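Next comes query.txt, a file with compact mmCIF, C-alpha atoms and all ligand atoms.
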# COMPACT_ATOMS: atom_id res chain seq x y z
CA PRO L 843 7.79 -85.18 -153.18
CA ILE L 844 4.94 -86.80 -155.08
CA SER L 845 2.16 -84.32 -155.67
CA ILE L 846 -1.31 -85.66 -156.04
CA SER L 847 -4.53 -83.82 -156.45
CA ALA L 848 -6.87 -85.14 -153.81
CA ALA L 849 -9.77 -84.56 -156.19
CA ALA L 850 -8.26 -86.92 -158.75
CA MET L 851 -8.11 -89.84 -156.34
CA GLY L 852 -10.79 -92.47 -156.11
CA ALA L 853 -12.26 -93.09 -152.67
CA SER L 854 -10.61 -96.45 -152.35
CA ASP L 855 -7.23 -95.37 -153.76
CA ARG L 856 -5.08 -95.45 -150.70
CA PRO L 857 -1.91 -93.55 -151.48
CA ALA L 858 1.32 -95.43 -151.03
CA ILE L 859 3.32 -93.57 -148.42
CA SER L 860 7.04 -93.87 -148.44
CA ASN L 861 9.46 -91.94 -146.30
CA ASP L 862 11.60 -91.19 -149.36
CA HIS L 863 8.70 -89.62 -151.22
CA PRO L 864 6.21 -88.25 -148.76
CA LEU L 865 2.88 -87.57 -150.36
CA VAL L 866 1.83 -83.95 -150.81
CA ILE L 867 -1.73 -83.61 -149.57
CA ASN L 868 -3.75 -80.82 -151.10
CA LEU L 869 -6.26 -79.30 -148.67
CA ASP L 870 -6.34 -75.94 -150.43
CA HIS L 871 -9.72 -76.29 -152.15
CA GLY L 872 -12.91 -77.12 -150.33
CA ASP L 873 -13.62 -80.09 -152.59
CA PRO L 874 -16.39 -81.94 -150.72
CA THR L 875 -15.40 -85.53 -151.60
CA MET L 876 -15.92 -86.63 -148.00
CA TYR L 877 -19.60 -87.20 -148.78
CA GLU L 878 -18.90 -89.86 -151.44
CA LYS L 879 -19.16 -92.55 -148.78
CA PHE L 880 -22.81 -91.76 -148.10
CA TRP L 881 -23.71 -91.58 -151.79
CA LYS L 882 -22.02 -94.89 -152.56
CA LYS L 883 -24.31 -96.48 -150.00
CA ALA L 884 -27.35 -94.72 -151.43
CA GLY L 885 -26.74 -96.67 -154.67
CA ASP L 886 -29.71 -96.91 -157.04
CA GLU L 887 -31.91 -94.61 -155.00
CA ALA L 888 -29.78 -91.69 -156.09
CA THR L 889 -29.09 -92.93 -159.62
CA LEU L 890 -30.74 -91.17 -162.53
CA VAL L 891 -31.23 -92.25 -166.15
CA ILE L 892 -32.02 -89.59 -168.76
CA SER L 893 -33.19 -90.79 -172.18
CA GLY L 894 -31.80 -89.41 -175.43
CA TRP L 895 -34.95 -87.43 -176.25
CA GLU L 896 -35.33 -85.79 -172.85
CA THR L 897 -34.22 -82.32 -171.67
CA MET L 898 -33.79 -81.04 -175.22
CA SER L 899 -35.65 -77.72 -175.05
CA TYR L 900 -34.04 -74.57 -173.67
CA PHE L 901 -37.21 -73.97 -171.68
CA SER L 902 -38.31 -75.52 -168.42
CA ASN L 903 -41.29 -73.48 -167.31
CA LYS L 904 -42.52 -70.62 -169.50
CA ASP L 905 -44.98 -69.51 -166.78
CA ASN L 906 -42.20 -68.80 -164.31
CA VAL L 907 -40.06 -65.62 -164.48
CA CYS L 908 -37.17 -68.01 -164.06
CA TRP L 909 -38.10 -69.81 -167.29
CA PHE L 910 -35.13 -72.20 -167.11
CA LEU L 911 -36.01 -73.47 -163.60
CA GLU L 912 -37.06 -77.14 -163.54
CA ARG L 913 -40.30 -77.62 -161.57
CA GLY L 914 -39.03 -80.74 -159.81
CA PHE L 915 -35.89 -78.96 -158.69
CA GLU L 916 -37.83 -75.97 -157.35
CA GLU L 917 -40.13 -78.32 -155.40
CA GLU L 918 -37.22 -80.16 -153.78
CA VAL L 919 -35.46 -76.91 -152.83
CA ARG L 920 -38.60 -75.56 -151.15
CA ARG L 921 -39.24 -78.89 -149.43
CA LEU L 922 -35.71 -79.15 -148.06
CA HIS L 923 -35.63 -75.59 -146.67
CA GLU L 924 -39.00 -76.11 -145.02
CA PHE L 925 -37.79 -79.36 -143.50
CA VAL L 926 -34.44 -78.02 -142.25
CA GLY L 927 -35.84 -74.63 -141.25
CA ASN L 928 -32.74 -72.72 -142.36
CA ALA L 929 -34.42 -70.25 -144.74
CA VAL L 930 -37.83 -68.74 -145.40
CA VAL L 931 -38.97 -69.75 -148.88
CA ASP L 932 -42.53 -68.39 -148.88
CA GLY L 933 -42.87 -65.32 -151.05
CA LYS L 934 -39.42 -65.78 -152.56
CA HIS L 935 -38.31 -66.33 -156.12
CA ILE L 936 -36.08 -69.33 -156.59
CA ILE L 937 -33.39 -68.78 -159.21
CA VAL L 938 -31.17 -71.65 -160.25
CA GLY L 939 -27.55 -71.02 -161.25
CA THR L 940 -24.51 -72.87 -162.54
CA GLY L 941 -23.16 -73.13 -159.02
CA SER L 942 -23.76 -70.33 -156.58
CA THR L 943 -20.69 -68.72 -158.17
CA GLN L 944 -22.80 -67.72 -161.18
CA LEU L 945 -25.56 -66.46 -158.90
CA PHE L 946 -23.08 -64.34 -156.95
CA GLN L 947 -22.13 -62.58 -160.19
CA ALA L 948 -25.79 -62.32 -161.24
CA ALA L 949 -26.54 -60.67 -157.88
CA LEU L 950 -23.70 -58.13 -158.26
CA PHE L 951 -25.09 -57.30 -161.71
CA ALA L 952 -28.65 -56.99 -160.42
CA LEU L 953 -27.73 -54.75 -157.46
CA SER L 954 -25.58 -52.25 -159.33
CA ASP L 955 -26.91 -49.24 -161.17
CA PRO L 956 -26.01 -49.18 -164.90
CA ASN L 957 -26.69 -45.42 -165.02
CA SER L 958 -24.29 -44.50 -162.23
CA ASP L 959 -20.94 -42.99 -163.24
CA GLN L 960 -19.30 -44.69 -160.24
CA PRO L 961 -19.08 -48.46 -159.82
CA ALA L 962 -20.74 -49.88 -156.67
CA ASN L 963 -18.19 -50.76 -153.98
CA VAL L 964 -18.22 -54.42 -152.99
CA VAL L 965 -17.18 -55.05 -149.38
CA SER L 966 -17.04 -57.89 -146.86
CA SER L 967 -15.68 -58.36 -143.36
CA VAL L 968 -12.27 -59.99 -142.93
CA PRO L 969 -11.41 -62.80 -143.19
CA TYR L 970 -13.57 -62.96 -146.36
CA TYR L 971 -14.02 -65.83 -148.83
CA SER L 972 -10.97 -65.59 -151.12
CA VAL L 973 -13.05 -65.79 -154.31
CA TYR L 974 -15.00 -62.57 -153.57
CA PRO L 975 -12.23 -60.08 -154.49
CA VAL L 976 -10.99 -61.97 -157.55
CA ALA L 977 -14.44 -62.77 -158.96
CA THR L 978 -15.61 -59.18 -158.38
CA ASP L 979 -12.70 -57.63 -160.29
CA TYR L 980 -12.15 -60.36 -162.87
CA LEU L 981 -13.97 -58.62 -165.73
CA LYS L 982 -12.94 -55.09 -164.67
CA SER L 983 -16.60 -54.14 -164.76
CA ARG L 984 -17.75 -50.53 -164.71
CA LEU L 985 -20.76 -51.63 -162.64
CA TYR L 986 -18.98 -52.74 -159.46
CA GLN L 987 -15.50 -52.98 -157.95
CA TRP L 988 -13.88 -54.69 -154.99
CA ALA L 989 -13.39 -52.29 -152.04
CA GLY L 990 -12.09 -54.69 -149.37
CA ASP L 991 -12.74 -54.86 -145.64
CA VAL L 992 -16.18 -53.55 -144.71
CA GLU L 993 -14.90 -52.32 -141.31
CA LYS L 994 -12.54 -49.89 -143.05
CA TYR L 995 -15.04 -48.80 -145.68
CA GLN L 996 -15.52 -45.04 -145.89
CA GLY L 997 -16.67 -44.70 -149.49
CA GLU L 998 -19.26 -42.15 -150.56
CA GLY L 999 -21.09 -44.02 -153.28
CA SER L 1000 -23.31 -47.07 -153.30
CA TYR L 1001 -22.07 -50.35 -151.90
CA ILE L 1002 -22.85 -54.04 -151.85
CA GLU L 1003 -21.96 -55.94 -148.68
CA LEU L 1004 -21.26 -59.67 -148.94
CA VAL L 1005 -22.21 -61.55 -145.78
CA CYS L 1006 -21.05 -65.15 -145.65
CA SER L 1007 -22.58 -67.03 -142.71
CA PRO L 1008 -21.27 -69.35 -141.38
CA ASN L 1009 -18.21 -67.69 -142.77
CA ASN L 1010 -15.72 -69.22 -145.16
CA PRO L 1011 -12.91 -69.38 -143.94
CA ASP L 1012 -13.40 -69.08 -140.14
CA GLY L 1013 -16.80 -70.76 -139.63
CA LEU L 1014 -18.26 -67.94 -137.52
CA SER L 1015 -21.83 -66.66 -137.84
CA LYS L 1016 -21.90 -63.23 -139.46
CA GLN L 1017 -24.29 -60.35 -139.82
CA ALA L 1018 -24.25 -57.31 -142.07
CA VAL L 1019 -22.00 -54.55 -140.72
CA LEU L 1020 -23.24 -51.62 -142.82
CA SER L 1021 -26.76 -50.33 -142.64
CA SER L 1022 -28.89 -50.42 -145.75
CA GLU L 1023 -31.25 -47.74 -144.41
CA ASN L 1024 -29.46 -44.88 -146.21
CA GLY L 1025 -30.59 -46.39 -149.51
CA LYS L 1026 -27.01 -46.69 -150.73
CA GLY L 1027 -26.31 -50.18 -149.48
CA LYS L 1028 -27.45 -53.65 -150.50
CA THR L 1029 -26.51 -57.03 -149.10
CA ILE L 1030 -25.97 -60.48 -150.52
CA HIS L 1031 -26.13 -63.29 -147.98
CA ASP L 1032 -24.03 -66.29 -148.95
CA LEU L 1033 -25.45 -69.13 -146.85
CA ALA L 1034 -23.52 -71.97 -148.52
CA TYR L 1035 -22.68 -73.47 -145.10
CA TYR L 1036 -25.94 -72.81 -143.24
CA TRP L 1037 -26.76 -76.50 -142.95
CA PRO L 1038 -27.01 -78.69 -139.82
CA GLN L 1039 -23.77 -80.62 -140.37
CA TYR L 1040 -21.73 -77.41 -140.01
CA THR L 1041 -23.61 -75.26 -137.52
CA ALA L 1042 -26.69 -74.95 -135.34
CA ILE L 1043 -29.79 -73.87 -137.26
CA THR L 1044 -30.94 -71.07 -134.94
CA ALA L 1045 -33.54 -69.37 -137.16
CA ALA L 1046 -34.98 -69.45 -140.65
CA ALA L 1047 -32.93 -66.82 -142.51
CA ASP L 1048 -35.07 -64.23 -144.24
CA HIS L 1049 -32.80 -61.84 -146.19
CA ASP L 1050 -33.34 -60.10 -149.54
CA ILE L 1051 -30.88 -62.27 -151.48
CA MET L 1052 -29.71 -65.61 -150.09
CA LEU L 1053 -27.35 -67.93 -151.96
CA PHE L 1054 -27.12 -71.69 -151.46
CA THR L 1055 -25.25 -74.44 -153.26
CA ILE L 1056 -25.61 -78.19 -153.58
CA SER L 1057 -21.77 -78.33 -153.47
CA LYS L 1058 -21.72 -77.85 -149.70
CA THR L 1059 -25.18 -79.20 -148.87
CA THR L 1060 -24.72 -82.73 -150.21
CA GLY L 1061 -21.17 -82.62 -151.62
CA HIS L 1062 -22.17 -82.62 -155.31
CA ALA L 1063 -19.89 -79.79 -156.39
CA GLY L 1064 -19.46 -81.35 -159.84
CA ILE L 1065 -23.17 -81.04 -160.69
CA ARG L 1066 -22.59 -77.24 -160.64
CA ILE L 1067 -25.95 -76.27 -159.18
CA GLY L 1068 -26.73 -73.44 -156.79
CA TRP L 1069 -29.88 -71.51 -156.03
CA ALA L 1070 -30.82 -68.04 -154.87
CA LEU L 1071 -33.84 -67.09 -152.77
CA VAL L 1072 -34.78 -63.56 -153.79
CA LYS L 1073 -37.49 -61.30 -152.34
CA ASP L 1074 -37.67 -58.46 -154.81
CA ASP L 1075 -39.25 -59.02 -158.27
CA GLU L 1076 -37.03 -56.51 -160.04
CA VAL L 1077 -33.81 -57.91 -158.57
CA ALA L 1078 -34.95 -61.44 -159.48
CA ARG L 1079 -35.65 -60.37 -163.07
CA LYS L 1080 -32.21 -58.80 -163.43
CA MET L 1081 -30.49 -61.89 -162.04
CA ILE L 1082 -32.43 -64.07 -164.47
CA LYS L 1083 -31.45 -61.73 -167.32
CA PHE L 1084 -27.78 -62.04 -166.33
CA ILE L 1085 -27.99 -65.84 -166.49
CA GLU L 1086 -29.78 -65.61 -169.84
CA MET L 1087 -26.98 -63.42 -171.23
CA ASN L 1088 -24.29 -65.55 -169.62
CA THR L 1089 -25.35 -69.17 -170.34
CA ILE L 1090 -28.98 -69.03 -171.69
CA GLY L 1091 -30.23 -70.88 -168.64
CA VAL L 1092 -28.81 -73.70 -166.54
CA SER L 1093 -28.30 -77.38 -167.44
CA LYS L 1094 -31.58 -79.24 -167.11
CA ASP L 1095 -29.79 -82.55 -166.62
CA SER L 1096 -27.98 -81.06 -163.64
CA GLN L 1097 -31.19 -79.67 -162.17
CA ILE L 1098 -32.98 -83.00 -162.52
CA ARG L 1099 -30.05 -84.79 -160.92
CA ALA L 1100 -29.89 -82.20 -158.12
CA ALA L 1101 -33.62 -82.70 -157.51
CA ARG L 1102 -33.07 -86.44 -157.17
CA ILE L 1103 -30.17 -85.97 -154.76
CA LEU L 1104 -32.15 -83.52 -152.61
CA SER L 1105 -35.12 -85.87 -152.53
CA VAL L 1106 -32.89 -88.71 -151.28
CA VAL L 1107 -31.59 -86.39 -148.55
CA ARG L 1108 -35.14 -85.53 -147.49
CA ASN L 1109 -36.40 -89.11 -147.70
CA SER L 1110 -33.45 -90.39 -145.66
CA HIS L 1111 -35.00 -88.47 -142.72
CA ASP L 1112 -38.48 -89.83 -143.24
CA ASN L 1113 -39.18 -93.19 -141.58
CA SER L 1114 -42.04 -93.99 -143.92
CA LYS L 1115 -39.90 -93.36 -147.02
CA ILE L 1116 -36.59 -94.47 -145.57
CA VAL L 1117 -34.11 -95.04 -148.35
CA HIS L 1118 -33.53 -98.75 -147.93
CA SER L 1119 -29.85 -98.69 -148.81
CA VAL L 1120 -28.79 -95.98 -146.33
CA GLU L 1121 -28.70 -96.83 -142.66
CA GLU L 1122 -28.42 -93.27 -141.46
CA SER L 1123 -30.17 -90.04 -142.43
CA PHE L 1124 -28.01 -87.69 -144.46
CA PHE L 1125 -27.60 -84.78 -142.05
CA HIS L 1126 -27.03 -87.17 -139.17
CA TYR L 1127 -24.28 -88.92 -141.12
CA ALA L 1128 -22.71 -85.63 -142.24
CA ARG L 1129 -22.83 -84.12 -138.74
CA ARG L 1130 -21.37 -87.26 -137.13
CA THR L 1131 -18.51 -87.32 -139.65
CA MET L 1132 -17.73 -83.61 -139.17
CA THR L 1133 -17.81 -84.02 -135.37
CA GLU L 1134 -15.39 -86.97 -135.52
CA ARG L 1135 -13.04 -85.08 -137.80
CA TRP L 1136 -12.99 -81.97 -135.62
CA ASP L 1137 -12.42 -84.06 -132.48
CA ARG L 1138 -9.45 -85.74 -134.17
CA LEU L 1139 -7.98 -82.41 -135.32
CA ASN L 1140 -8.34 -80.83 -131.87
CA GLU L 1141 -6.62 -83.86 -130.35
CA ALA L 1142 -3.83 -83.85 -132.96
CA ILE L 1143 -2.81 -80.24 -132.44
CA LYS L 1144 -2.57 -80.67 -128.66
CA SER L 1145 0.97 -81.92 -129.20
CA SER L 1146 1.92 -78.52 -130.65
CA ASN L 1147 1.63 -77.08 -127.10
CA GLY L 1148 -0.29 -74.04 -128.21
CA ALA L 1149 1.73 -73.32 -131.39
CA PHE L 1150 -1.26 -74.09 -133.61
CA ILE L 1151 -4.56 -72.53 -132.62
CA LEU L 1152 -8.14 -73.16 -133.67
CA ALA L 1153 -11.11 -70.96 -132.80
CA ASP L 1154 -13.55 -71.96 -130.07
CA PHE L 1155 -17.12 -72.04 -131.26
CA PRO L 1156 -20.08 -71.28 -129.01
CA SER L 1157 -22.54 -74.12 -128.37
CA GLN L 1158 -26.02 -73.25 -129.55
CA HIS L 1159 -29.43 -74.83 -129.69
CA CYS L 1160 -30.12 -76.28 -133.14
CA ASN L 1161 -33.80 -76.09 -134.07
CA PHE L 1162 -33.32 -78.87 -136.62
CA SER L 1163 -31.87 -81.52 -134.31
CA ASP L 1164 -33.29 -80.04 -131.07
CA GLU L 1165 -29.88 -80.41 -129.45
CA ILE L 1166 -27.21 -78.06 -128.14
CA ILE L 1167 -24.38 -78.35 -130.63
CA GLU L 1168 -21.04 -76.84 -131.50
CA SER L 1169 -20.09 -75.67 -134.98
CA HIS L 1170 -17.97 -78.00 -137.09
CA PRO L 1171 -17.09 -75.90 -140.11
CA ALA L 1172 -16.08 -77.14 -143.54
CA PHE L 1173 -12.68 -75.47 -143.06
CA ALA L 1174 -10.24 -75.31 -140.19
CA TRP L 1175 -9.00 -71.74 -139.82
CA MET L 1176 -5.73 -72.19 -138.02
CA LYS L 1177 -3.30 -69.68 -136.58
CA CYS L 1178 0.38 -70.29 -136.02
CA GLU L 1179 1.81 -68.81 -132.81
CA LYS L 1180 5.19 -70.44 -133.28
CA GLU L 1181 8.06 -68.04 -132.87
CA GLY L 1182 9.85 -67.13 -136.10
CA ILE L 1183 7.09 -68.51 -138.34
CA ASP L 1184 5.22 -65.71 -140.12
CA ASP L 1185 4.32 -67.69 -143.22
CA PHE L 1186 2.20 -70.58 -141.94
CA TYR L 1187 1.33 -71.70 -145.49
CA GLY L 1188 5.07 -72.00 -146.30
CA PHE L 1189 5.71 -73.88 -143.06
CA LEU L 1190 2.98 -76.47 -143.73
CA LYS L 1191 4.06 -76.76 -147.36
CA LYS L 1192 7.48 -77.91 -146.19
CA HIS L 1193 5.60 -80.66 -144.37
CA ASN L 1194 3.81 -81.51 -147.63
CA ILE L 1195 0.45 -80.09 -146.59
CA LEU L 1196 -1.00 -77.57 -149.05
CA THR L 1197 -3.44 -75.06 -147.57
CA ARG L 1198 -4.56 -71.51 -148.44
CA GLY L 1199 -2.71 -68.66 -146.74
CA GLY L 1200 -4.35 -65.85 -144.76
CA GLU L 1201 -3.39 -63.15 -147.32
CA HIS L 1202 -6.04 -64.53 -149.72
CA PHE L 1203 -8.67 -63.76 -147.10
CA GLY L 1204 -7.47 -60.24 -146.29
CA VAL L 1205 -5.47 -61.12 -143.13
CA GLU L 1206 -1.92 -62.05 -142.05
CA LYS L 1207 0.09 -65.01 -143.27
CA LYS L 1208 0.01 -66.46 -139.76
CA TYR L 1209 -3.37 -67.93 -140.69
CA VAL L 1210 -4.23 -70.76 -143.07
CA ARG L 1211 -7.48 -72.31 -144.21
CA ILE L 1212 -7.55 -76.10 -144.37
CA SER L 1213 -10.30 -78.14 -146.02
CA MET L 1214 -12.02 -80.58 -143.66
CA LEU L 1215 -14.01 -82.20 -146.50
CA ASP L 1216 -11.46 -84.41 -148.26
CA ARG L 1217 -11.67 -88.20 -148.46
CA ASP L 1218 -10.76 -90.34 -145.43
CA PRO L 1219 -7.25 -91.42 -146.61
CA MET L 1220 -6.19 -87.80 -147.10
CA PHE L 1221 -7.74 -86.70 -143.84
CA ASP L 1222 -5.96 -89.55 -142.01
CA ILE L 1223 -2.58 -88.46 -143.39
CA PHE L 1224 -3.34 -84.85 -142.47
CA ILE L 1225 -4.14 -85.80 -138.88
CA ASN L 1226 -1.03 -87.98 -138.58
CA ARG L 1227 1.17 -85.17 -139.81
CA MET L 1228 -0.42 -82.52 -137.60
CA SER L 1229 0.14 -84.71 -134.56
CA ILE L 1230 3.90 -84.92 -135.14
CA ILE L 1231 4.87 -81.48 -136.41
CA HIS L 1232 5.73 -78.85 -133.84
N1 LIG Y 1 -19.79 -69.44 -151.51
C1 LIG Y 1 -18.95 -69.96 -150.62
C2 LIG Y 1 -18.84 -69.30 -149.29
C3 LIG Y 1 -18.18 -71.08 -150.93
O1 LIG Y 1 -17.32 -71.58 -150.04
C4 LIG Y 1 -18.32 -71.68 -152.20
C5 LIG Y 1 -17.53 -72.91 -152.61
N2 LIG Y 1 -16.21 -72.92 -152.21
C6 LIG Y 1 -19.18 -71.09 -153.11
C7 LIG Y 1 -19.92 -69.99 -152.73
C8 LIG Y 1 -19.32 -71.59 -154.51
O2 LIG Y 1 -20.11 -72.69 -154.63
P1 LIG Y 1 -20.50 -73.34 -156.03
O3 LIG Y 1 -19.76 -74.62 -156.11
O4 LIG Y 1 -21.97 -73.53 -155.95
O5 LIG Y 1 -20.13 -72.38 -157.13

Could you write out this structure as structure tokens?
Amino acid sequence: PISISAAAMGASDRPAISNDHPLVINLDHGDPTMYEKFWKKAGDEATLVISGWETMSYFSNKDNVCWFLERGFEEEVRRLHEFVGNAVVDGKHIIVGTGSTQLFQAALFALSDPNSDQPANVVSSVPYYSVYPVATDYLKSRLYQWAGDVEKYQGEGSYIELVCSPNNPDGLSKQAVLSSENGKGKTIHDLAYYWPQYTAITAAADHDIMLFTISKTTGHAGIRIGWALVKDDEVARKMIKFIEMNTIGVSKDSQIRAARILSVVRNSHDNSKIVHSVEESFFHYARRTMTERWDRLNEAIKSSNGAFILADFPSQHCNFSDEIIESHPAFAWMKCEKEGIDDFYGFLKKHNILTRGGEHFGVEKKYVRISMLDRDPMFDIFINRMSIIH
């Protein structure tokens, strides 16, 4: 079979499909190329030119504890959260990172105690985002270590609970399981998917450390920009120190570009500033596309007569759209009930669909995670295949 990385394909490159060489579609990564369509329409509004002499200094704002944070980027982040209502920004430090992946590591560093002789135990409820265990143990740090499923956690020492909500991979809303009242526990809330295209915005989140990323908000994963909202001064300072030690700040060009992208998103919802090239506001477009895709997937797996199962999501009132809506997560978390098939990943691979198997998320191989954010041609092939395999 011909293998092609979905990420390497241009939006208009329709793959040639032949029965002799069926195309392998790669829906393993959550590469958010689906959003390209919107940004192509946005055209010049979202285009940025940076002159040769600009963005040369290491420093962005010497008056801010986060001295590498671009003012324009900070303003757009605050403005967007206030508009969407998904997180409380007042009284919070904003820390920019090279993707929220860097901020996740900065937060682990900031929450662990360098004077303790035991590493802090890092836990999360299953199924957990597959990067958490590997990124936690990658450097074999003496500060923290991966300790697995929070429900089974019985450790004595200090712990850090990772709460991903809506959760990658299963799309469900999550809350912390362990209490932090004993003084031993801290939490990191990864809210990468707490945006109106994926789920109902039911309240403005107000946790100690909240992580967001432009990758899943607007689809610009390649800009490598994430941000943390942090309550505590000391924790914020330690996270900033980590980023200083790690990369001496964060690309200014990327921050300026991210600010532009976020401003187009915001303006696309404002009738007086309507971006003339886009006909639809960003979150409306993104929500409509996700709804269509989920409807198509639900329809396609009907022919499996119950062999392939997707979770049901509760309908909730969304404060942002003022509508009752269902969740349409960035990933389909699918279970295989087919007799004799224990390795669902292997089964789909034989049908030239690459996914990520349940074992990466701390559960059985009967589950797979499938990206719902690829480009239309790939998604079309995926739907066609799912509707004929049994
Ligand atoms: N958290 C979650 C839950 C994610 O799914 C992802 C991206 N797959 C990230 C963090 C990382 O995002 P970024 O591209 O900003 O590093």

Report as JSON the centre and the edge lengths, in Å to one decimal, of the axis-aligned box holding every listed atom of ligand LIG 1 (chain Y), padded by 6 Å on each side.
{"center_x": -19.1, "center_y": -72.0, "center_z": -153.2, "size_x": 17.8, "size_y": 17.3, "size_z": 19.8}

Counting only C-alpha atoms and all ligand atoms, which residues in chain L sit no more than 6 Å from ligand LIG 1 (chain Y)? For each one, give the nearest pair of atoms and the distance in Å, sorted by chain then residue number, as CSV.
residue,atom,partner,partner_atom,distance
L:Gly872,CA,Y:LIG1,N2,5.7
L:Gly941,CA,Y:LIG1,O4,3.3
L:Ser942,CA,Y:LIG1,O4,3.7
L:Thr943,CA,Y:LIG1,O5,3.8
L:Tyr971,CA,Y:LIG1,C2,6.0
L:Cys1006,CA,Y:LIG1,C2,5.9
L:Asn1010,CA,Y:LIG1,C2,5.2
L:Asp1032,CA,Y:LIG1,N1,5.9
L:Ala1034,CA,Y:LIG1,N1,5.4
L:Thr1055,CA,Y:LIG1,O4,4.3
L:Ser1057,CA,Y:LIG1,O3,5.0
L:Ala1063,CA,Y:LIG1,O3,5.2
L:Arg1066,CA,Y:LIG1,O3,5.9
L:Ile1067,CA,Y:LIG1,O4,5.8
L:Gly1068,CA,Y:LIG1,O4,4.8

Here is a test: counting only C-alpha atoms, which residue of L:Asp1222, L:Asp870, L:Thr1060, L:Ser1015 is nearest to Leu1139 (chain L)?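 Among the listed residues, the smallest separation from Leu1139 (chain L) belongs to L:Asp1222.
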
I'd like to know which of L:Lys1028, L:Arg1108, L:Arg1102, L:Arg1211 is closest to His1126 (chain L), using all atoms listed in the file. L:Arg1108

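Among L:Ala1047, L:Leu1014, L:Ile1195, L:Ile1225, the residue with the shortest atom-to-atom distance to Asn1140 (chain L), counting all atoms listed in the file, is L:Ile1225.
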
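For the residues L:Ala962, L:Pro969, L:Ser1163, L:Lys994, ranking by smallest atom-to-atom distance to Gly1027 (chain L) using all atoms listed in the file places L:Ala962 first.
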
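Closest to Val1072 (chain L) among L:Ile1056, L:Ala989, L:Val931, L:Ala977 is L:Val931, based on only C-alpha atoms.
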
Quick check, in Å to one decimal: how far apart do CA of Phe1203 (chain L) and CA of Asn1009 (chain L) lie?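 So the answer is 11.2 Å.
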
Could you work out how far CA of Ser1119 (chain L) lies from CA of Ala888 (chain L), giving the answer in Å with one decimal? 10.1 Å

Hey, could you patch up region 943-954 of chain L with N, CA and C atoms and hand it over as a tab-separated table (two decimals), in the frame of the given file?
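In the end it all went to part39.tsv:
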chain	number	residue	atom	x	y	z
L	943	THR	N	-21.66	-69.67	-157.63
L	943	THR	CA	-20.69	-68.72	-158.17
L	943	THR	C	-21.34	-67.87	-159.28
L	944	GLN	N	-22.13	-68.50	-160.14
L	944	GLN	CA	-22.80	-67.72	-161.18
L	944	GLN	C	-23.85	-66.79	-160.57
L	945	LEU	N	-24.52	-67.28	-159.53
L	945	LEU	CA	-25.56	-66.46	-158.90
L	945	LEU	C	-24.96	-65.27	-158.15
L	946	PHE	N	-23.78	-65.44	-157.62
L	946	PHE	CA	-23.08	-64.34	-156.95
L	946	PHE	C	-22.84	-63.21	-157.98
L	947	GLN	N	-22.39	-63.59	-159.16
L	947	GLN	CA	-22.13	-62.58	-160.19
L	947	GLN	C	-23.44	-61.98	-160.72
L	948	ALA	N	-24.47	-62.83	-160.81
L	948	ALA	CA	-25.79	-62.32	-161.24
L	948	ALA	C	-26.32	-61.31	-160.22
L	949	ALA	N	-26.06	-61.58	-158.93
L	949	ALA	CA	-26.54	-60.67	-157.88
L	949	ALA	C	-25.79	-59.34	-157.92
L	950	LEU	N	-24.47	-59.39	-158.15
L	950	LEU	CA	-23.70	-58.13	-158.26
L	950	LEU	C	-24.26	-57.30	-159.42
L	951	PHE	N	-24.54	-57.98	-160.53
L	951	PHE	CA	-25.09	-57.30	-161.71
L	951	PHE	C	-26.43	-56.67	-161.37
L	952	ALA	N	-27.29	-57.45	-160.69
L	952	ALA	CA	-28.65	-56.99	-160.42
L	952	ALA	C	-28.68	-55.84	-159.42
L	953	LEU	N	-27.71	-55.78	-158.52
L	953	LEU	CA	-27.73	-54.75	-157.46
L	953	LEU	C	-27.00	-53.48	-157.86
L	954	SER	N	-26.29	-53.49	-158.98
L	954	SER	CA	-25.58	-52.25	-159.33
L	954	SER	C	-26.41	-51.44	-160.33
